[in-house]
$ cat entry.cif   # mmCIF, C-alpha atoms (C1' of nucleotides)
data_coords
#
loop_
_atom_site.label_atom_id
_atom_site.label_comp_id
_atom_site.auth_asym_id
_atom_site.auth_seq_id
_atom_site.Cartn_x
_atom_site.Cartn_y
_atom_site.Cartn_z
CA MET B 73 128.54 111.48 140.36
CA ILE B 74 128.01 113.98 137.57
CA MET B 75 130.06 117.15 137.64
CA SER B 76 127.91 119.78 136.04
CA ILE B 77 129.38 122.71 134.19
CA GLU B 78 128.42 124.79 137.24
CA THR B 79 130.88 122.99 139.49
CA ASP B 80 133.53 122.68 136.78
CA ILE B 81 133.81 126.40 136.18
CA LYS B 82 132.46 127.34 139.62
CA GLN B 83 129.71 129.52 138.28
CA LYS B 84 126.59 129.30 140.40
CA LYS B 85 124.07 130.36 137.83
CA PHE B 86 123.69 131.37 134.21
CA ARG B 87 121.65 134.11 132.61
CA SER B 88 119.83 131.62 130.40
CA PRO B 89 119.90 128.00 129.20
CA TYR B 90 121.64 129.41 126.13
CA GLN B 91 124.52 130.95 128.05
CA ARG B 92 124.85 127.69 129.92
CA LEU B 93 124.96 125.77 126.66
CA ALA B 94 127.44 128.18 125.06
CA LEU B 95 129.91 127.88 127.93
CA ASN B 96 129.33 124.14 128.16
CA LEU B 97 130.09 123.67 124.46
CA VAL B 98 133.35 125.58 124.71
CA TYR B 99 134.34 123.92 127.97
CA THR B 100 133.46 120.38 126.92
CA THR B 101 135.13 120.69 123.53
CA ASN B 102 138.29 122.05 125.18
CA TRP B 103 138.16 119.05 127.46
CA LEU B 104 137.66 116.64 124.55
CA GLU B 105 140.54 118.18 122.62
CA TYR B 106 142.77 117.98 125.66
CA LYS B 107 142.00 114.28 125.97
CA GLN B 108 142.97 113.86 122.32
CA LEU B 109 146.16 115.81 122.88
CA GLU B 110 147.16 113.36 125.61
CA ILE B 111 146.91 110.54 123.06
CA PHE B 112 148.80 112.33 120.32
CA LYS B 113 151.69 113.75 122.30
CA ASP B 114 153.12 110.28 122.96
CA TYR B 115 153.38 109.96 119.18
CA ASP B 116 154.69 113.45 118.69
CA ILE B 117 151.94 114.89 116.54
CA THR B 118 149.34 117.58 117.14
CA SER B 119 145.56 117.37 116.69
CA GLN B 120 145.85 119.46 113.54
CA GLN B 121 148.50 117.19 112.06
CA TYR B 122 146.34 114.18 112.95
CA ASN B 123 143.39 115.81 111.23
CA VAL B 124 145.45 116.22 108.03
CA LEU B 125 146.62 112.62 108.21
CA ARG B 126 143.02 111.40 108.55
CA ILE B 127 142.03 113.41 105.50
CA LEU B 128 144.96 111.96 103.54
CA ARG B 129 144.06 108.41 104.57
CA GLY B 130 140.47 109.04 103.50
CA GLN B 131 141.83 109.72 100.03
CA LYS B 132 143.14 106.18 99.79
CA SER B 133 146.37 107.26 98.04
CA VAL B 134 144.54 109.59 95.65
CA PRO B 135 146.56 112.84 95.80
CA ILE B 136 144.83 115.87 97.25
CA LYS B 137 145.75 119.53 96.88
CA VAL B 138 146.73 121.67 99.86
CA SER B 139 143.73 123.93 99.26
CA GLU B 140 141.40 120.94 99.31
CA ILE B 141 142.86 119.77 102.60
CA THR B 142 142.11 123.21 104.05
CA GLU B 143 138.49 122.92 102.93
CA ARG B 144 138.12 119.66 104.82
CA MET B 145 139.86 120.77 108.00
CA LEU B 146 137.90 121.18 111.21
CA ASP B 147 139.85 124.38 111.83
CA LYS B 148 139.74 126.30 108.56
CA ASN B 149 142.21 128.91 109.82
CA SER B 150 145.10 126.56 110.20
CA ASN B 151 148.10 127.01 107.96
CA THR B 152 147.91 123.80 105.97
CA SER B 153 151.13 124.52 104.13
CA ARG B 154 153.12 124.45 107.37
CA LEU B 155 151.19 121.45 108.70
CA VAL B 156 152.18 119.50 105.61
CA ASP B 157 155.75 120.69 106.17
CA LYS B 158 155.71 119.06 109.59
CA LEU B 159 154.30 115.80 108.25
CA LEU B 160 156.91 115.83 105.51
CA ALA B 161 159.74 116.29 108.00
CA LYS B 162 158.51 113.20 109.83
CA ASN B 163 158.08 111.17 106.64
CA LEU B 164 154.35 110.85 107.26
CA ALA B 165 153.36 112.54 104.00
CA GLU B 166 154.79 113.33 100.59
CA ARG B 167 154.50 116.32 98.29
CA LYS B 168 154.06 115.74 94.58
CA SER B 169 154.04 118.36 91.91
CA CYS B 170 150.68 118.74 90.26
CA PRO B 171 151.08 118.32 86.47
CA ASN B 172 147.95 120.18 85.31
CA ASP B 173 148.42 123.15 87.63
CA ARG B 174 151.94 124.01 88.57
CA ARG B 175 150.81 126.37 91.34
CA ALA B 176 149.14 123.53 93.17
CA VAL B 177 150.85 120.87 95.25
CA ASP B 178 149.52 117.36 95.62
CA VAL B 179 149.90 115.58 98.92
CA VAL B 180 149.72 111.87 99.72
CA ILE B 181 150.15 109.89 102.91
CA THR B 182 153.19 107.61 103.19
CA LYS B 183 153.40 104.05 104.48
CA GLU B 184 154.81 105.47 107.72
CA GLY B 185 151.83 107.81 107.95
CA LEU B 186 149.38 104.95 107.53
CA GLU B 187 151.23 102.90 110.12
CA LEU B 188 151.13 105.73 112.62
CA LEU B 189 147.36 106.10 112.12
CA GLU B 190 146.91 102.38 112.63
CA LYS B 191 148.78 102.60 115.90
CA LEU B 192 146.60 105.52 116.97
CA ASP B 193 143.29 103.99 115.84
CA PRO B 194 142.53 102.01 119.01
CA PHE B 195 143.20 105.04 121.22
CA VAL B 196 141.09 107.33 119.12
CA GLU B 197 138.33 104.72 119.09
CA GLU B 198 138.51 104.56 122.86
CA TRP B 199 138.28 108.34 122.96
CA GLU B 200 135.22 108.19 120.74
CA ASN B 201 133.63 105.56 122.96
CA ARG B 202 133.10 108.24 125.57
CA PHE B 203 130.17 109.25 123.40
CA ASN B 204 128.45 105.90 123.88
CA ILE B 205 126.76 107.14 127.03
CA ILE B 206 124.65 109.22 124.67
CA SER B 207 122.02 107.32 122.67
CA PRO B 208 122.57 107.25 118.89
CA GLU B 209 119.30 109.17 118.49
CA ASP B 210 120.42 111.90 120.87
CA ALA B 211 123.77 112.08 119.12
CA GLU B 212 122.03 112.63 115.78
CA ARG B 213 119.68 115.18 117.30
CA ILE B 214 122.52 117.19 118.81
CA SER B 215 124.41 117.07 115.51
CA ALA B 216 121.34 118.39 113.71
CA LEU B 217 120.99 121.23 116.23
CA LEU B 218 124.66 122.15 115.84
CA ASP B 219 124.17 122.24 112.07
CA LYS B 220 121.19 124.52 112.59
CA LEU B 221 123.24 126.75 114.87
CA ARG B 222 125.77 127.42 112.15
CA GLU B 223 122.99 128.06 109.66
CA SER B 224 122.61 131.64 110.92
CA ASP B 225 125.77 132.40 108.96
CA ASN B 226 124.60 131.62 105.45
CA GLN B 227 121.67 133.93 105.11
CA MET N 214 119.35 126.13 103.57
CA ILE N 215 121.12 124.17 106.26
CA MET N 216 124.75 123.35 105.70
CA SER N 217 125.32 120.07 107.42
CA ILE N 218 128.68 119.12 108.85
CA GLU N 219 129.01 116.79 105.85
CA THR N 220 129.14 119.66 103.40
CA ASP N 221 131.17 121.89 105.70
CA ILE N 222 134.04 119.46 106.02
CA LYS N 223 133.27 117.63 102.79
CA GLN N 224 133.07 114.24 104.38
CA LYS N 225 130.43 112.09 102.76
CA LYS N 226 129.78 109.74 105.61
CA PHE N 227 130.76 108.99 109.16
CA ARG N 228 131.49 105.70 110.87
CA SER N 229 128.79 106.34 113.48
CA PRO N 230 126.50 109.04 114.86
CA TYR N 231 129.15 109.44 117.54
CA GLN N 232 131.96 110.24 115.14
CA ARG N 233 129.65 112.67 113.44
CA LEU N 234 128.85 114.32 116.75
CA ALA N 235 132.48 114.43 117.83
CA LEU N 236 133.58 116.20 114.65
CA ASN N 237 130.52 118.44 114.73
CA LEU N 238 131.27 119.53 118.30
CA VAL N 239 134.85 120.45 117.46
CA TYR N 240 133.90 122.11 114.18
CA THR N 241 130.97 124.09 115.58
CA THR N 242 132.85 125.23 118.67
CA ASN N 243 135.75 126.39 116.49
CA TRP N 244 133.24 128.30 114.45
CA LEU N 245 131.63 129.83 117.54
CA GLU N 246 135.00 130.86 118.94
CA TYR N 247 135.97 132.40 115.63
CA LYS N 248 132.79 134.46 115.67
CA GLN N 249 133.70 135.66 119.17
CA LEU N 250 137.21 136.49 118.05
CA GLU N 251 135.81 138.77 115.36
CA ILE N 252 134.01 140.74 118.07
CA PHE N 253 136.99 140.96 120.39
CA LYS N 254 139.71 141.86 117.94
CA ASP N 255 138.17 145.28 117.32
CA TYR N 256 138.70 145.92 121.03
CA ASP N 257 142.13 144.38 121.08
CA ILE N 258 141.52 141.55 123.51
CA THR N 259 141.52 137.78 123.12
CA SER N 260 138.79 135.30 124.15
CA GLN N 261 140.93 134.21 127.06
CA GLN N 262 141.41 137.76 128.28
CA TYR N 263 137.66 138.34 127.93
CA ASN N 264 137.00 135.20 129.94
CA VAL N 265 139.20 136.53 132.77
CA LEU N 266 137.47 139.92 132.66
CA ARG N 267 134.07 138.24 132.93
CA ILE N 268 135.24 136.28 135.95
CA LEU N 269 136.55 139.48 137.54
CA ARG N 270 133.28 141.31 136.90
CA GLY N 271 131.38 138.41 138.43
CA GLN N 272 133.32 139.06 141.62
CA LYS N 273 131.81 142.55 141.90
CA SER N 274 135.06 144.12 143.10
CA VAL N 275 135.79 141.31 145.57
CA PRO N 276 139.45 140.41 144.92
CA ILE N 277 140.14 136.95 143.51
CA LYS N 278 143.39 135.02 143.54
CA VAL N 279 145.14 134.03 140.31
CA SER N 280 144.72 130.35 141.18
CA GLU N 281 140.99 130.83 141.67
CA ILE N 282 140.70 132.52 138.29
CA THR N 283 142.36 129.47 136.73
CA GLU N 284 139.80 127.19 138.38
CA ARG N 285 136.97 129.13 136.76
CA MET N 286 138.50 129.40 133.31
CA LEU N 287 136.95 127.55 130.40
CA ASP N 288 140.45 126.61 129.29
CA LYS N 289 142.21 125.36 132.41
CA ASN N 290 145.56 125.19 130.64
CA SER N 291 145.85 128.87 130.01
CA ASN N 292 148.60 130.76 131.76
CA THR N 293 146.52 133.00 133.96
CA SER N 294 149.55 134.83 135.26
CA ARG N 295 150.41 136.09 131.79
CA LEU N 296 146.78 136.80 130.93
CA VAL N 297 146.55 139.06 133.99
CA ASP N 298 149.80 140.68 132.81
CA LYS N 299 148.13 141.64 129.56
CA LEU N 300 145.05 143.02 131.31
CA LEU N 301 147.31 144.99 133.64
CA ALA N 302 149.23 146.49 130.73
CA LYS N 303 145.93 147.73 129.30
CA ASN N 304 144.71 149.06 132.65
CA LEU N 305 141.78 146.64 132.60
CA ALA N 306 142.76 144.91 135.85
CA GLU N 307 144.82 145.55 138.96
CA ARG N 308 147.03 143.34 141.07
CA LYS N 309 146.88 143.63 144.85
CA SER N 310 149.10 141.87 147.32
CA CYS N 311 147.24 139.35 149.41
CA PRO N 312 147.77 140.12 153.11
CA ASN N 313 147.01 136.68 154.59
CA ASP N 314 149.07 134.73 152.04
CA ARG N 315 152.03 136.55 150.63
CA ARG N 316 152.50 133.98 147.87
CA ALA N 317 149.10 134.75 146.41
CA VAL N 318 148.14 137.73 144.29
CA ASP N 319 144.69 139.26 144.37
CA VAL N 320 143.24 140.62 141.16
CA VAL N 321 140.40 143.10 140.66
CA ILE N 322 138.83 144.62 137.58
CA THR N 323 139.32 148.35 136.99
CA LYS N 324 136.80 150.97 135.94
CA GLU N 325 138.28 150.76 132.42
CA GLY N 326 137.79 146.99 132.47
CA LEU N 327 134.15 147.33 133.45
CA GLU N 328 133.61 149.95 130.75
CA LEU N 329 135.14 147.70 128.10
CA LEU N 330 132.86 144.84 129.12
CA GLU N 331 129.84 147.15 128.94
CA LYS N 332 130.81 148.12 125.42
CA LEU N 333 131.18 144.44 124.48
CA ASP N 334 127.97 143.28 126.18
CA PRO N 335 125.59 143.96 123.28
CA PHE N 336 127.85 142.17 120.80
CA VAL N 337 128.29 139.16 123.04
CA GLU N 338 124.55 139.10 123.63
CA GLU N 339 123.98 139.13 119.90
CA TRP N 340 126.47 136.28 119.56
CA GLU N 341 124.55 134.36 122.20
CA ASN N 342 121.27 135.00 120.41
CA ARG N 343 122.39 132.57 117.73
CA PHE N 344 121.37 129.91 120.22
CA ASN N 345 117.75 131.07 120.22
CA ILE N 346 116.98 128.82 117.28
CA ILE N 347 117.29 125.99 119.79
CA SER N 348 114.43 125.62 122.26
CA PRO N 349 115.33 126.27 125.92
CA GLU N 350 114.44 122.64 126.68
CA ASP N 351 116.78 121.34 123.98
CA ALA N 352 119.51 123.68 125.23
CA GLU N 353 119.16 122.27 128.72
CA ARG N 354 119.09 118.72 127.42
CA ILE N 355 122.26 119.17 125.39
CA SER N 356 123.99 120.79 128.37
CA ALA N 357 123.03 117.81 130.52
CA LEU N 358 124.40 115.40 127.91
CA LEU N 359 127.66 117.33 127.70
CA ASP N 360 127.94 117.16 131.49
CA LYS N 361 127.37 113.42 131.27
CA LEU N 362 130.03 113.14 128.59
CA ARG N 363 132.67 114.60 130.87
CA GLU N 364 131.54 112.33 133.68
CA SER N 365 133.56 109.42 132.30
CA ASP N 366 136.61 111.21 133.71
CA ASN N 367 135.79 111.11 137.40
CA GLN N 368 135.34 107.44 138.01
"C1'" DA O 169 163.28 124.41 165.34
"C1'" DT O 170 164.79 122.14 161.29
"C1'" DA O 171 164.14 119.73 157.16
"C1'" DC O 172 161.21 118.45 153.57
"C1'" DA O 173 157.18 118.84 150.81
"C1'" DT O 174 153.60 121.65 148.87
"C1'" DT O 175 151.51 125.64 147.09
"C1'" DT O 176 151.40 130.09 144.43
"C1'" DA O 177 152.71 132.75 140.85
"C1'" DA O 178 156.24 134.18 137.64
"C1'" DT O 179 159.46 133.21 134.09
"C1'" DG O 180 162.14 130.65 130.20
"C1'" DT O 181 161.79 128.37 126.09
"C1'" DA O 182 160.25 125.94 122.22
"C1'" DT O 183 156.50 125.43 119.25
"C1'" DA O 184 152.15 126.80 117.13
"C1'" DA O 185 148.58 130.17 115.71
"C1'" DA O 186 147.07 134.44 113.50
"C1'" DC O 187 147.61 137.47 110.03
"C1'" DA O 188 149.82 139.85 106.36
"C1'" DT O 189 152.85 139.72 102.49
"C1'" DC O 190 155.27 137.70 98.64
"C1'" DT O 191 156.21 134.77 94.45
"C1'" DA O 192 154.89 131.93 90.79
"C1'" DT O 193 151.36 130.47 87.93
"C1'" DT O 194 146.97 130.61 85.84
"C1'" DT O 195 142.78 132.98 84.25
"C1'" DA O 196 140.28 136.97 82.52
"C1'" DT O 197 140.05 141.40 80.04
"C1'" DT O 198 141.00 144.49 76.51
"C1'" DA Z 103 149.32 139.08 72.63
"C1'" DA Z 104 149.81 142.19 76.49
"C1'" DT Z 105 148.20 143.61 80.74
"C1'" DA Z 106 145.54 143.07 84.83
"C1'" DA Z 107 143.27 140.18 88.19
"C1'" DA Z 108 142.91 135.99 90.67
"C1'" DT Z 109 144.60 131.79 92.75
"C1'" DA Z 110 147.88 128.46 95.17
"C1'" DG Z 111 151.01 127.96 98.32
"C1'" DA Z 112 155.14 129.52 100.84
"C1'" DT Z 113 157.22 132.65 104.01
"C1'" DG Z 114 157.90 136.59 107.64
"C1'" DT Z 115 156.52 138.37 111.80
"C1'" DT Z 116 154.12 139.01 115.90
"C1'" DT Z 117 151.68 137.04 119.52
"C1'" DA Z 118 149.87 133.13 122.11
"C1'" DT Z 119 150.15 128.41 123.85
"C1'" DA Z 120 152.21 124.36 126.10
"C1'" DC Z 121 155.20 122.74 129.18
"C1'" DA Z 122 158.99 122.83 132.35
"C1'" DT Z 123 161.53 125.30 135.71
"C1'" DT Z 124 162.30 128.67 139.29
"C1'" DA Z 125 161.57 131.49 143.55
"C1'" DA Z 126 159.27 132.66 147.44
"C1'" DA Z 127 155.98 131.57 151.00
"C1'" DT Z 128 153.50 128.36 153.57
"C1'" DG Z 129 152.36 123.81 155.55
"C1'" DT Z 130 153.75 119.43 157.73
"C1'" DA Z 131 156.43 115.99 160.05
"C1'" DT Z 132 160.02 114.74 162.99
#
$ encode --input "entry.cif" --output "structure tokens"
Amino acid sequence: MIMSIETDIKQKKFRSPYQRLALNLVYTTNWLEYKQLEIFKDYDITSQQYNVLRILRGQKSVPIKVSEITERMLDKNSNTSRLVDKLLAKNLAERKSCPNDRRAVDVVITKEGLELLEKLDPFVEEWENRFNIISPEDAERISALLDKLRESDNQ
Amino acid sequence: MIMSIETDIKQKKFRSPYQRLALNLVYTTNWLEYKQLEIFKDYDITSQQYNVLRILRGQKSVPIKVSEITERMLDKNSNTSRLVDKLLAKNLAERKSCPNDRRAVDVVITKEGLELLEKLDPFVEEWENRFNIISPEDAERISALLDKLRESDNQ
DNA sequence: ATACATTTAATGTATAAACATCTATTTATT
DNA sequence: AATAAATAGATGTTTATACATTAAATGTAT
């Protein structure tokens, strides 16, 4: 039995399909992030820290600057410097001084960081499998529409 | 020129259309919420506080209990008690004792609260107009898919 | 009626987010 | 070369969030 956004936030009707979609996007994404949080909290990291770790793993041990991490973050407003601090304290990442620019700081993932991600992988995959009820074509179409939605910013 | 999620988070490729959609949902919703924040900060309220005010206005001066507000919130984890505190401090809402259940607290929006919402209405409408680039049918279809996505929780 | 459990909202506390400011280094200008 | 501007990242501070606990009122079972 499908619980529509109407029943979930107990709002009987919406002004338009657009208002319905707007609220549904915020509500569903909150819900998705909460589900992620439930996975991560057993391993004592936050979604933001996980996001940084994923970016570091994607680098395959090629160092990446703090500013470049920020550019790749899903939440551009997050304080990457402090996030890296947290990862450092847990031995999940390492700071290296950047020889060609002494302002910059290079970051790499540690063995412990990689191991943590490997432990998390099956849970995150399971989380992602929720999306399988959507056809791949629909998934691509929605992605394209979301891209288009953000387009209104760059002109 | 459309900036795809690939360029926005500088990730060249995704494991599947589902991973792409998952990241796009989080990224786009963050972006949408940030745009909202920019509206609200000029009027010194947060998205959460705005959400409560909208719920209160929807009641049309019929008192609503704190627990009922929580049920209608987009973010169910928010501390409604403290949010109402903030609205109270700014004279945007009022607390009333609930005669038939002395544990409960009834909340109503004030004249000042209604006036603030009226001032915000055109900006929020403008924010919502971003969605007009999507056809109403597509908007409804995406909403239905998001509903379906959350379905996996209740069985 | 009493004891126990549940509900409702408030509060305490630790952590994180938002935003501005600061320091060191690099780049650009004159 | 000397000065000004820009950039990278760290830090300070205020506010919000997450989560647990508390206090009072109500519901339920014996």
$ resolve_selection --input "entry.cif" --expression "the PyMOL selection byres ((chain O and resi 180) around 8)" --output "PyMOL selection string"
(chain O and resi 179+181) or (chain Z and resi 123)
$ interface_residues --input "entry.cif" --of "chain N" --to "chain Z" --cutoff "9 Å" --atoms "only C-alpha atoms (C1' of nucleotides)" --output "compact mmCIF listing (two decimals) with C-alpha atoms, in the frame of the given file"
# COMPACT_ATOMS: atom_id res chain seq x y z
CA ASN N 290 145.56 125.19 130.64
CA SER N 291 145.85 128.87 130.01
CA ASN N 292 148.60 130.76 131.76
CA ASP N 314 149.07 134.73 152.04
CA ARG N 315 152.03 136.55 150.63
CA ARG N 316 152.50 133.98 147.87
CA ALA N 317 149.10 134.75 146.41
$ atom_distance --input "entry.cif" --atom1 "CA of Glu353 (chain N)" --atom2 "CA of Gln224 (chain N)"
29.2 Å
$ resolve_selection --input "entry.cif" --expression "the PyMOL selection byres ((chain O) within 9 of (chain N))" --output "ChimeraX atom specification"
/O:175-178
$ write_last_selection --input "entry.cif" --atoms "C-alpha atoms (C1' of nucleotides)" --output "PDB file, keeping the file's coordinate frame"
ATOM      1  C1'  DT O 175     151.510 125.640 147.090  1.00  0.00           C
ATOM      2  C1'  DT O 176     151.400 130.090 144.430  1.00  0.00           C
ATOM      3  C1'  DA O 177     152.710 132.750 140.850  1.00  0.00           C
ATOM      4  C1'  DA O 178     156.240 134.180 137.640  1.00  0.00           C
TER       5       DA O 178
END
$ resolve_selection --input "entry.cif" --expression "the PyMOL selection byres ((chain B) within 6 of (chain N))" --output "JSON, numbers by chain"
{"B": [74, 76, 81, 82, 89, 90, 93, 99, 144, 146, 203, 208, 211, 212, 215, 219, 223]}
$ atom_distance --input "entry.cif" --atom1 "CA of Asn123 (chain B)" --atom2 "C1' of DA182 (chain O)"
22.5 Å
$ axis_aligned_box --input "entry.cif" --around "region 110-128 of chain Z" --padding-each-side "4 Å" --output "lines of an AutoDock Vina configuration file"
center_x = 155.1
center_y = 130.9
center_z = 124.4
size_x = 22.4
size_y = 24.3
size_z = 66.4
$ closest_atom_pairs --input "entry.cif" --of "region 221-273 of chain N" --to "region 184-188 of chain O" --cutoff "12 Å" --atoms "all atoms listed in the file" --output "Markdown table"
| residue | atom | partner | partner_atom | distance |
| --- | --- | --- | --- | --- |
| N:Tyr247 | CA | O:DA186 | C1' | 11.5 |
| N:Leu250 | CA | O:DA186 | C1' | 11.1 |
| N:Lys254 | CA | O:DA186 | C1' | 11.4 |
| N:Thr259 | CA | O:DA186 | C1' | 11.6 |
$ closest_residue --input "entry.cif" --among "N:Glu251, N:Tyr263, N:Cys311, N:Ala306" --to "Asp334 (chain N)" --atoms "only C-alpha atoms"
N:Tyr263
$ atom_distance --input "entry.cif" --atom1 "CA of Asp298 (chain N)" --atom2 "CA of Glu328 (chain N)"
18.8 Å
$ closest_residue --input "entry.cif" --among "B:Glu190, B:Asn172, B:Gln108, B:Ile181" --to "Leu160 (chain B)" --atoms "only C-alpha atoms"
B:Ile181
